[in-house]
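A.B. asks: Structure: protein_0.txt, compact mmCIF, C-alpha atoms.
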```txt
# COMPACT_ATOMS: atom_id res chain seq x y z
CA LEU F 1183 -11.06 -0.76 16.78
CA LYS F 1184 -9.15 -1.29 13.56
CA ALA F 1185 -6.17 -3.38 12.51
CA VAL F 1186 -3.32 -2.59 10.12
CA ILE F 1187 -1.27 -5.46 8.68
CA LEU F 1188 2.07 -4.41 7.15
CA ILE F 1189 2.71 -6.69 4.17
CA GLY F 1190 5.85 -5.07 2.72
CA GLY F 1191 6.54 -5.24 -0.99
CA PRO F 1192 8.31 -6.97 -3.86
CA GLN F 1193 11.86 -5.92 -3.03
CA LYS F 1194 11.39 -7.31 0.48
CA GLY F 1195 11.20 -11.06 0.99
CA THR F 1196 14.42 -11.68 -0.96
CA ARG F 1197 15.34 -14.43 1.51
CA PHE F 1198 12.05 -16.05 0.54
CA ARG F 1199 13.04 -16.56 -3.08
CA PRO F 1200 12.35 -18.42 -5.34
CA LEU F 1201 8.91 -18.82 -3.74
CA SER F 1202 8.19 -15.08 -3.63
CA PHE F 1203 8.65 -14.88 -7.44
CA GLU F 1204 5.28 -16.57 -7.96
CA VAL F 1205 3.13 -15.10 -5.23
CA PRO F 1206 3.48 -12.11 -2.88
CA LYS F 1207 5.09 -13.45 0.30
CA PRO F 1208 2.06 -12.63 2.53
CA LEU F 1209 -0.07 -14.94 0.35
CA PHE F 1210 2.33 -17.88 0.64
CA PRO F 1211 0.38 -20.78 2.21
CA VAL F 1212 1.45 -21.70 5.74
CA ALA F 1213 -0.47 -24.62 7.30
CA GLY F 1214 -2.83 -24.62 4.32
CA VAL F 1215 -3.93 -20.97 4.30
CA PRO F 1216 -2.18 -17.77 3.13
CA MET F 1217 0.28 -16.48 5.75
CA VAL F 1218 -1.62 -13.24 6.27
CA GLN F 1219 -4.96 -15.04 6.71
CA HIS F 1220 -3.84 -16.16 10.18
CA HIS F 1221 -3.49 -12.45 11.09
CA ILE F 1222 -6.89 -11.56 9.60
CA GLU F 1223 -8.56 -14.46 11.43
CA ALA F 1224 -7.11 -13.28 14.75
CA CYS F 1225 -8.16 -9.65 14.13
CA ALA F 1226 -11.69 -10.62 13.04
CA LYS F 1227 -12.20 -12.47 16.35
CA VAL F 1228 -11.61 -9.32 18.45
CA PRO F 1229 -14.99 -7.85 19.52
CA GLY F 1230 -15.54 -4.38 18.09
CA MET F 1231 -13.15 -4.80 15.13
CA LYS F 1232 -14.56 -2.54 12.40
CA GLU F 1233 -12.02 -2.75 9.57
CA ILE F 1234 -8.74 -4.44 8.61
CA LEU F 1235 -6.28 -2.54 6.41
CA LEU F 1236 -3.44 -4.24 4.55
CA MET F 1237 -0.61 -1.84 3.82
CA GLY F 1238 2.36 -2.33 1.52
CA PHE F 1239 3.89 -1.34 -1.78
CA TYR F 1240 2.89 -4.29 -3.96
CA GLN F 1241 1.26 -3.16 -7.20
CA PRO F 1242 -2.45 -4.05 -7.18
CA HIS F 1243 -2.15 -7.73 -7.83
CA GLU F 1244 -4.72 -10.16 -9.21
CA ALA F 1245 -3.96 -12.75 -6.51
CA LEU F 1246 -4.10 -10.10 -3.78
CA GLY F 1247 -7.45 -8.80 -5.06
CA ARG F 1248 -8.96 -12.29 -5.15
CA PHE F 1249 -7.69 -13.02 -1.67
CA LEU F 1250 -9.20 -9.81 -0.24
CA VAL F 1251 -12.61 -10.53 -1.78
CA SER F 1252 -12.71 -14.08 -0.42
CA ALA F 1253 -11.42 -13.02 3.03
CA GLN F 1254 -14.10 -10.31 3.29
CA GLN F 1255 -16.80 -12.87 2.50
CA GLU F 1256 -15.38 -15.41 4.94
CA PHE F 1257 -14.79 -13.09 7.92
CA LYS F 1258 -17.69 -10.64 7.28
CA ILE F 1259 -15.49 -7.61 7.91
CA PRO F 1260 -14.31 -4.82 5.54
CA ILE F 1261 -10.72 -5.50 4.39
CA ARG F 1262 -8.93 -2.99 2.18
CA TYR F 1263 -5.47 -2.73 0.65
CA LEU F 1264 -3.66 0.62 0.88
CA GLN F 1265 -0.74 0.87 -1.52
CA GLU F 1266 2.26 3.00 -0.52
CA TYR F 1267 3.92 4.88 -3.39
CA ALA F 1268 7.32 3.65 -2.12
CA ALA F 1269 8.75 1.69 0.80
CA LEU F 1270 8.04 4.03 3.72
CA GLY F 1271 9.22 1.89 6.63
CA THR F 1272 7.08 0.45 9.42
CA GLY F 1273 6.05 3.89 10.71
CA GLY F 1274 6.00 5.89 7.48
CA GLY F 1275 3.18 3.86 5.94
CA ILE F 1276 0.80 4.23 8.86
CA TYR F 1277 1.66 7.94 9.10
CA HIS F 1278 1.01 8.43 5.38
CA PHE F 1279 -2.42 6.74 5.66
CA ARG F 1280 -3.30 8.13 9.10
CA ASP F 1281 -6.58 9.67 7.82
CA GLN F 1282 -7.71 6.28 6.50
CA ILE F 1283 -6.82 4.59 9.78
CA LEU F 1284 -8.60 7.19 11.91
CA SER F 1285 -11.68 7.54 9.66
CA GLY F 1286 -14.85 6.47 11.43
CA GLY F 1287 -13.37 7.58 14.75
CA ALA F 1288 -11.03 4.68 15.55
CA GLU F 1289 -10.19 4.79 19.28
CA ALA F 1290 -7.36 2.28 19.02
CA PHE F 1291 -5.75 0.15 16.33
CA PHE F 1292 -3.47 -2.86 16.11
CA VAL F 1293 -0.40 -2.91 13.85
CA LEU F 1294 0.85 -6.37 12.88
CA ASN F 1295 3.84 -7.33 10.74
CA ALA F 1296 2.83 -9.94 8.17
CA ASP F 1297 6.06 -11.95 8.43
CA VAL F 1298 5.48 -13.29 11.95
CA CYS F 1299 3.50 -16.29 13.10
CA SER F 1300 1.89 -16.15 16.52
CA GLU F 1301 -1.08 -17.01 18.66
CA PHE F 1302 -1.92 -13.29 18.33
CA PRO F 1303 -3.13 -12.56 21.90
CA LEU F 1304 -4.88 -9.38 20.72
CA GLN F 1305 -7.75 -9.52 23.22
CA GLU F 1306 -5.24 -10.01 26.05
CA MET F 1307 -3.30 -6.93 24.85
CA LEU F 1308 -6.51 -4.85 25.02
CA GLU F 1309 -7.27 -6.08 28.55
CA PHE F 1310 -3.65 -5.49 29.59
CA ARG F 1311 -3.85 -1.88 28.37
CA GLN F 1312 -7.02 -1.30 30.37
CA ARG F 1313 -5.30 -2.63 33.52
CA HIS F 1314 -2.05 -0.69 33.01
CA GLY F 1315 -1.35 2.76 31.75
CA ASP F 1316 -3.86 5.37 30.70
CA ALA F 1317 -6.14 5.55 27.69
CA HIS F 1318 -3.30 7.00 25.62
CA SER F 1319 -0.64 4.39 26.32
CA PHE F 1320 0.74 2.04 23.66
CA VAL F 1321 1.45 -1.69 23.99
CA ILE F 1322 4.17 -3.81 22.33
CA LEU F 1323 3.80 -7.60 22.31
CA GLY F 1324 7.00 -9.10 23.71
CA THR F 1325 8.31 -12.62 24.22
CA THR F 1326 11.40 -14.17 25.82
CA ALA F 1327 14.38 -15.19 23.67
CA ASN F 1328 17.70 -16.65 24.76
CA ARG F 1329 20.60 -14.29 25.40
CA THR F 1330 22.49 -14.81 22.14
CA GLN F 1331 19.47 -14.71 19.83
CA ALA F 1332 17.99 -11.63 21.52
CA LEU F 1333 20.68 -9.57 19.73
CA ASN F 1334 18.91 -10.22 16.39
CA TYR F 1335 15.70 -8.52 17.51
CA GLY F 1336 14.44 -5.33 19.13
CA CYS F 1337 15.22 -5.66 22.86
CA ILE F 1338 12.94 -4.27 25.56
CA VAL F 1339 13.89 -3.35 29.12
CA ALA F 1340 10.72 -3.00 31.22
CA ASN F 1341 9.82 -2.21 34.82
CA ALA F 1342 9.14 -5.58 36.47
CA ASP F 1343 6.04 -4.30 38.35
CA THR F 1344 4.30 -2.04 35.84
CA GLN F 1345 5.72 -3.51 32.56
CA GLU F 1346 6.42 0.04 31.42
CA VAL F 1347 9.13 0.09 28.72
CA GLN F 1348 12.14 1.99 30.05
CA HIS F 1349 14.63 1.28 27.30
CA TYR F 1350 14.34 0.00 23.73
CA VAL F 1351 17.22 -0.97 21.40
CA GLU F 1352 16.82 -2.46 17.91
CA LYS F 1353 19.35 -5.28 17.28
CA PRO F 1354 21.88 -4.21 19.94
CA SER F 1355 25.55 -5.15 19.62
CA THR F 1356 25.77 -6.32 23.25
CA PHE F 1357 23.24 -8.00 25.51
CA VAL F 1358 20.44 -5.67 26.65
CA SER F 1359 17.44 -7.84 27.55
CA GLU F 1360 15.89 -11.25 26.90
CA ILE F 1361 12.50 -9.68 26.15
CA ILE F 1362 12.18 -9.11 22.40
CA ASN F 1363 9.71 -7.23 20.23
CA CYS F 1364 7.21 -9.51 18.41
CA GLY F 1365 6.22 -6.96 15.77
CA ILE F 1366 2.63 -6.70 17.04
CA TYR F 1367 1.47 -3.41 18.56
CA LEU F 1368 -1.62 -1.74 20.00
CA PHE F 1369 -1.73 2.02 19.39
CA THR F 1370 -4.11 4.90 19.97
CA PRO F 1371 -4.38 7.90 17.61
CA ALA F 1372 -1.90 9.70 19.90
CA ILE F 1373 0.93 7.69 18.25
CA PHE F 1374 0.67 9.92 15.16
CA GLN F 1375 1.82 12.91 17.17
CA HIS F 1376 5.05 11.02 18.02
CA ILE F 1377 5.54 9.79 14.44
CA GLY F 1378 4.84 13.35 13.24
CA GLU F 1379 7.66 14.67 15.43
CA VAL F 1380 10.06 12.19 13.77
CA PHE F 1381 8.78 13.25 10.33
CA GLN F 1382 9.38 16.91 11.11
CA ARG F 1383 12.83 16.20 12.52
CA ASN F 1384 13.68 14.21 9.37
CA GLN F 1385 12.54 17.11 7.21
CA ARG F 1386 14.70 19.59 9.11
CA GLU F 1387 17.72 17.30 8.83
CA LEU F 1388 17.12 16.79 5.11
CA VAL F 1389 17.03 20.55 4.52
CA LEU F 1390 20.46 20.78 6.18
CA GLU F 1391 21.83 17.86 4.19
CA GLU F 1392 20.14 18.62 0.87
CA SER F 1393 23.44 19.45 -0.79
CA SER F 1394 25.02 16.08 0.08
CA ASN F 1395 22.61 13.51 -1.31
CA GLY F 1396 19.02 13.95 -2.40
CA TRP F 1397 17.74 10.38 -2.31
CA GLN F 1398 16.64 10.18 1.32
CA ARG F 1399 12.98 10.72 2.15
CA ALA F 1400 11.60 12.32 5.29
CA GLU F 1401 8.58 10.00 5.02
CA VAL F 1402 10.65 6.86 5.64
CA ILE F 1403 10.07 6.27 9.35
CA ARG F 1404 10.87 3.11 11.29
CA LEU F 1405 8.64 2.50 14.29
CA GLU F 1406 11.32 0.53 16.08
CA GLN F 1407 14.41 2.72 15.76
CA ASP F 1408 12.76 6.15 15.37
CA VAL F 1409 9.65 6.00 17.56
CA PHE F 1410 10.04 3.32 20.26
CA THR F 1411 13.56 4.37 21.28
CA ALA F 1412 12.24 7.91 21.85
CA LEU F 1413 9.06 6.75 23.65
CA ALA F 1414 10.86 4.38 26.05
CA GLY F 1415 10.98 5.79 29.57
CA SER F 1416 8.23 8.35 28.89
CA GLY F 1417 5.51 6.39 30.71
CA LYS F 1418 3.52 5.89 27.48
CA LEU F 1419 4.88 2.56 26.23
CA TYR F 1420 4.18 -0.83 27.85
CA VAL F 1421 5.09 -4.41 26.98
CA TYR F 1422 2.69 -7.34 27.21
CA LYS F 1423 4.69 -10.56 27.50
CA THR F 1424 3.22 -13.66 25.87
CA ASP F 1425 4.10 -17.27 26.60
CA GLY F 1426 2.32 -18.40 23.44
CA PHE F 1427 4.23 -19.49 20.34
CA TRP F 1428 5.87 -16.87 18.15
CA SER F 1429 8.32 -16.97 15.26
CA GLN F 1430 9.53 -14.79 12.41
CA ILE F 1431 8.94 -15.99 8.85
CA LYS F 1432 11.92 -14.51 7.05
CA SER F 1433 13.25 -17.46 5.07
CA ALA F 1434 11.55 -20.39 3.38
CA GLY F 1435 12.92 -22.70 6.10
CA SER F 1436 11.08 -20.71 8.75
CA ALA F 1437 7.82 -21.25 6.80
CA ILE F 1438 8.00 -24.99 7.54
CA TYR F 1439 8.59 -24.23 11.22
CA ALA F 1440 5.69 -21.72 11.26
CA SER F 1441 3.52 -24.33 9.56
CA ARG F 1442 4.31 -26.74 12.41
CA LEU F 1443 3.34 -24.15 15.04
CA TYR F 1444 0.03 -23.35 13.32
CA LEU F 1445 -0.84 -27.02 12.65
CA ASN F 1446 -0.22 -27.66 16.33
CA GLN F 1447 -2.62 -24.86 17.24
CA TYR F 1448 -5.31 -26.22 14.87
CA SER F 1449 -6.05 -29.06 17.30
CA LYS F 1450 -7.59 -26.34 19.52
CA SER F 1451 -8.66 -23.65 17.03
CA HIS F 1452 -9.54 -25.51 13.78
CA PRO F 1453 -9.72 -29.28 14.38
CA GLU F 1454 -11.64 -29.58 11.07
CA ARG F 1455 -8.48 -28.56 9.18
CA LEU F 1456 -6.46 -31.53 10.44
CA ALA F 1457 -6.55 -34.80 8.50
CA GLN F 1458 -7.70 -37.93 10.38
CA ASN F 1459 -6.74 -41.55 9.86
CA LYS F 1460 -9.49 -43.40 7.98
CA PRO F 1461 -9.58 -47.12 7.06
CA GLU F 1462 -9.43 -46.35 3.30
CA GLY F 1463 -7.19 -43.27 3.54
CA PRO F 1464 -3.45 -42.63 3.77
CA VAL F 1465 -1.57 -43.08 7.06
CA ILE F 1466 -1.53 -39.79 8.98
CA ARG F 1467 1.15 -39.22 11.64
CA GLY F 1468 0.90 -36.11 13.80
CA ASN F 1469 -0.61 -32.90 12.43
CA VAL F 1470 -1.32 -32.87 8.69
CA TYR F 1471 -3.39 -30.49 6.56
CA ILE F 1472 -4.78 -31.87 3.27
CA HIS F 1473 -6.74 -29.69 0.86
CA PRO F 1474 -10.09 -31.34 -0.02
CA THR F 1475 -9.20 -31.38 -3.75
CA ALA F 1476 -5.92 -33.31 -3.26
CA SER F 1477 -5.82 -36.94 -4.42
CA ILE F 1478 -3.77 -39.17 -2.13
CA ASP F 1479 -3.12 -42.87 -2.49
CA SER F 1480 -4.17 -44.96 0.52
CA THR F 1481 -0.66 -46.42 0.88
CA ALA F 1482 1.03 -43.01 1.33
CA VAL F 1483 2.37 -42.02 4.77
CA LEU F 1484 2.12 -38.30 5.64
CA GLY F 1485 3.32 -36.34 8.65
CA PRO F 1486 4.16 -35.03 11.05
CA ASN F 1487 3.92 -31.36 10.01
CA VAL F 1488 2.82 -31.70 6.40
CA SER F 1489 0.62 -29.34 4.44
CA ILE F 1490 -0.78 -30.52 1.07
CA GLY F 1491 -2.20 -27.86 -1.26
CA GLU F 1492 -5.10 -27.99 -3.70
CA GLY F 1493 -5.06 -30.37 -6.64
CA VAL F 1494 -1.93 -32.17 -5.42
CA THR F 1495 -1.48 -35.83 -6.48
CA VAL F 1496 0.34 -38.22 -4.16
CA GLY F 1497 1.08 -41.71 -5.52
CA ALA F 1498 1.43 -45.13 -3.87
CA GLY F 1499 3.99 -45.65 -1.11
CA VAL F 1500 4.98 -41.99 -0.94
CA ARG F 1501 6.52 -40.71 2.33
CA VAL F 1502 6.21 -36.99 3.18
CA ARG F 1503 7.46 -35.43 6.41
CA GLU F 1504 8.01 -31.83 7.63
CA SER F 1505 7.13 -30.40 4.21
CA ILE F 1506 4.81 -28.06 2.34
CA VAL F 1507 3.52 -29.33 -1.02
CA LEU F 1508 1.99 -26.48 -3.04
CA HIS F 1509 -0.99 -26.68 -5.36
CA GLY F 1510 -0.86 -28.75 -8.52
CA ALA F 1511 2.30 -30.64 -7.53
CA SER F 1512 2.56 -34.32 -8.26
CA LEU F 1513 4.55 -36.87 -6.22
CA HIS F 1514 4.87 -40.14 -8.16
CA ASP F 1515 4.91 -43.60 -6.57
CA HIS F 1516 7.43 -44.31 -3.79
CA THR F 1517 8.98 -40.84 -3.65
CA CYS F 1518 10.35 -39.62 -0.34
CA VAL F 1519 10.01 -35.91 0.52
CA LEU F 1520 11.56 -34.63 3.79
CA ASN F 1521 12.08 -31.03 5.00
CA THR F 1522 11.17 -29.65 1.61
CA ILE F 1523 8.91 -27.08 -0.01
CA VAL F 1524 7.62 -28.49 -3.30
CA GLY F 1525 6.65 -25.62 -5.63
CA TRP F 1526 3.44 -25.15 -7.58
CA ASP F 1527 2.90 -27.68 -10.43
CA SER F 1528 6.22 -29.42 -9.77
CA THR F 1529 6.66 -33.13 -10.45
CA ILE F 1530 8.83 -35.60 -8.56
CA GLY F 1531 9.48 -38.90 -10.40
CA ARG F 1532 9.15 -42.44 -9.01
CA TRP F 1533 11.58 -43.59 -6.31
CA ALA F 1534 13.18 -40.12 -6.15
CA ARG F 1535 14.28 -38.69 -2.82
CA VAL F 1536 14.09 -34.95 -2.10
CA GLU F 1537 15.46 -33.95 1.26
CA GLY F 1538 16.62 -30.86 3.15
CA THR F 1539 18.14 -30.10 6.53
CA PRO F 1540 15.73 -28.52 9.02
CA SER F 1541 16.72 -25.14 10.42
CA ASP F 1542 14.65 -25.60 13.58
CA PRO F 1543 15.38 -23.84 16.86
CA ASN F 1544 17.10 -25.85 19.59
CA PRO F 1545 14.34 -28.14 21.00
CA ASN F 1546 16.01 -28.25 24.43
CA ASP F 1547 15.82 -24.48 24.90
CA PRO F 1548 12.26 -23.28 25.51
CA TYR F 1549 13.23 -19.72 24.53
CA ALA F 1550 15.15 -20.58 21.34
CA LYS F 1551 13.98 -18.82 18.17
CA ILE F 1552 14.61 -19.82 14.58
CA ASP F 1553 17.85 -18.36 13.20
CA SER F 1554 17.54 -16.54 9.92
CA GLU F 1555 20.52 -18.25 8.32
CA THR F 1556 22.56 -16.59 5.63
CA LEU F 1557 22.38 -18.48 2.34
CA PHE F 1558 26.17 -18.99 2.20
CA ARG F 1559 28.82 -19.53 4.83
CA ASP F 1560 32.53 -19.67 3.94
CA GLY F 1561 31.58 -19.64 0.26
CA ARG F 1562 29.43 -22.75 0.68
CA LEU F 1563 25.66 -23.10 0.61
CA THR F 1564 24.42 -23.47 4.20
CA PRO F 1565 22.54 -26.79 4.54
CA SER F 1566 18.89 -25.91 4.87
CA ILE F 1567 15.53 -27.11 3.64
CA THR F 1568 15.27 -28.01 -0.04
CA ILE F 1569 13.12 -25.68 -2.15
CA LEU F 1570 11.71 -26.50 -5.56
CA GLY F 1571 10.38 -23.45 -7.41
CA CYS F 1572 7.25 -23.71 -9.53
CA SER F 1573 7.05 -26.18 -12.46
CA VAL F 1574 10.24 -28.06 -11.58
CA THR F 1575 10.54 -31.61 -12.91
CA ILE F 1576 12.66 -34.15 -11.06
CA PRO F 1577 13.34 -37.45 -12.87
CA ALA F 1578 12.82 -40.91 -11.40
CA GLU F 1579 15.36 -42.41 -8.99
CA VAL F 1580 17.46 -39.30 -8.31
CA VAL F 1581 18.40 -37.70 -5.00
CA ILE F 1582 18.14 -33.93 -4.42
CA LEU F 1583 19.76 -32.87 -1.14
CA ASN F 1584 19.88 -29.41 0.54
CA SER F 1585 19.35 -27.66 -2.78
CA ILE F 1586 17.36 -24.73 -4.14
CA VAL F 1587 15.94 -25.23 -7.64
CA LEU F 1588 14.71 -22.14 -9.48
CA PRO F 1589 11.38 -22.26 -11.34
CA HIS F 1590 10.80 -24.08 -14.66
CA LYS F 1591 13.79 -26.43 -14.46
CA GLU F 1592 13.95 -30.00 -15.70
CA LEU F 1593 16.68 -31.83 -13.83
CA SER F 1594 18.46 -34.80 -15.36
CA ARG F 1595 20.56 -36.10 -12.44
CA SER F 1596 21.09 -35.96 -8.66
CA TYR F 1597 22.25 -32.77 -6.90
CA LYS F 1598 23.60 -32.00 -3.45
CA ASN F 1599 24.16 -28.59 -1.76
CA GLN F 1600 23.52 -26.61 -4.95
CA ILE F 1601 21.50 -23.67 -6.16
CA ILE F 1602 20.28 -24.79 -9.57
CA LEU F 1603 19.81 -21.76 -11.79
```
Before anything else, please render the file you have as structure tokens.
C.D. replies:
Amino acid sequence: LKAVILIGGPQKGTRFRPLSFEVPKPLFPVAGVPMVQHHIEACAKVPGMKEILLMGFYQPHEALGRFLVSAQQEFKIPIRYLQEYAALGTGGGIYHFRDQILSGGAEAFFVLNADVCSEFPLQEMLEFRQRHGDAHSFVILGTTANRTQALNYGCIVANADTQEVQHYVEKPSTFVSEIINCGIYLFTPAIFQHIGEVFQRNQRELVLEESSNGWQRAEVIRLEQDVFTALAGSGKLYVYKTDGFWSQIKSAGSAIYASRLYLNQYSKSHPERLAQNKPEGPVIRGNVYIHPTASIDSTAVLGPNVSIGEGVTVGAGVRVRESIVLHGASLHDHTCVLNTIVGWDSTIGRWARVEGTPSDPNPNDPYAKIDSETLFRDGRLTPSITILGCSVTIPAEVVILNSIVLPHKELSRSYKNQIIL
């Protein structure tokens, strides 16, 4: 068994700015650990996992290199980064590196998108494939969405008895199915034959079109639109439906929601990561992650859903809720931080209030997913969580509401519904 994690590249993750300026999006900390570490942890737990490959088109990056070394030591499993020479799409990358994936005689491999958060029921997908289908069938992880939101995802129509995928449409314009694609797949080497057919078809079409425009590449292959639509109804593709939590992490607002889902799971999977109330410590409400190097005043109140990074200083009487505070940040006495991501090495002055509007899914709908909001609506900034880029300084006694502050800014007054460039 092997696993491939698709981490994308620098021109992706634009909705994640300004946070993705400082660190590749897959390394952004969610619930205290880099986003992609949750994937690696889940893969490393599967018995028989021999190697984990990260695939993307980031240039070899110091932070990425350090992360891979520490993850290999922690999970005792070979982890390598394969760099694409260009953005090849979700299928093009694995086709390009098919020899690396199959080396060592891999019988099956998982493909996971890095920008999702999930319980990752990988073992269950393996068992499901053994029960259904033959040794050469492929499995998509699916979950239920509500009717309107399903249109934003890949929709799967499956046979109710066998779970065989009969029809697959990526982001349909009308309602097709409530079962959506979670971006987590289990393949066998036979998938490369199907991707190869798409590659050859692309090449033939490009030869015909060569005169019109030369920028297209035959190697750019999208698993969803190019491969799954063709495989549906062929008896080779199955869907495993999960009731566990799942969400996309497209925007910074969805990182706070993903953090909540993971922190919630920690009570079962990593209770040691959750802070406890102690007589001399700060007041903890709900699930809170605090890095051991953070210094927190005993009169601070944290939670629910708060993640405090390394070297963070939190002063007296500070209130933090539904927020991620990144390493080196400093919250001075009596600040209030709600629905906010506080960037690396940022400082919030005394009695200041920094607040955003949560973009959570509807809590009364069990199948609601988080909407990836557009930044502007009707020429106005959509109210969402507040984001402070790295090294932002906020003076004492000001209020920052629903705003995005780019890195290295020193503010002098209060702001509301602004992008501060």
A.B. asks: Which of these residues is nearest to Phe1427 of chain F, using only C-alpha atoms: F:Tyr1335, F:Tyr1549, F:Phe1210, F:Phe1198?
C.D. replies: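 Nearest to Phe1427 of chain F: F:Tyr1549.
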A.B. asks: Just to confirm, what's the straight-line distance from atom CA of His1243 of chain F to atom CA of Ala1288 of chain F in Å (one decimal)?
C.D. replies: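 Taking atom CA of His1243 of chain F as the start and atom CA of Ala1288 of chain F as the end point, the length is 27.9 Å.
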A.B. asks: How many Å lie between atom CA of Pro1208 of chain F and atom CA of Asp1297 of chain F, rounded to one decimal?
C.D. replies: 7.2 Å
A.B. asks: Using only C-alpha atoms, find the one residue out of F:Gly1525, F:Gly1417, F:Pro1371, F:Gly1531 that sits nearest to Leu1183 of chain F.
C.D. replies: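 With only C-alpha atoms as the atom set, the closest residue is F:Pro1371.
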A.B. asks: Determine, counting all atoms listed in the file, which protein, DNA and RNA residues have an atom within 10 Å of an atom of Leu1284 of chain F; residues of the same chain fewer than 4 positions away are not included. Present the result as a ChimeraX atom specification.
C.D. replies: /F:1183-1184,1279-1280,1288-1291,1370-1371
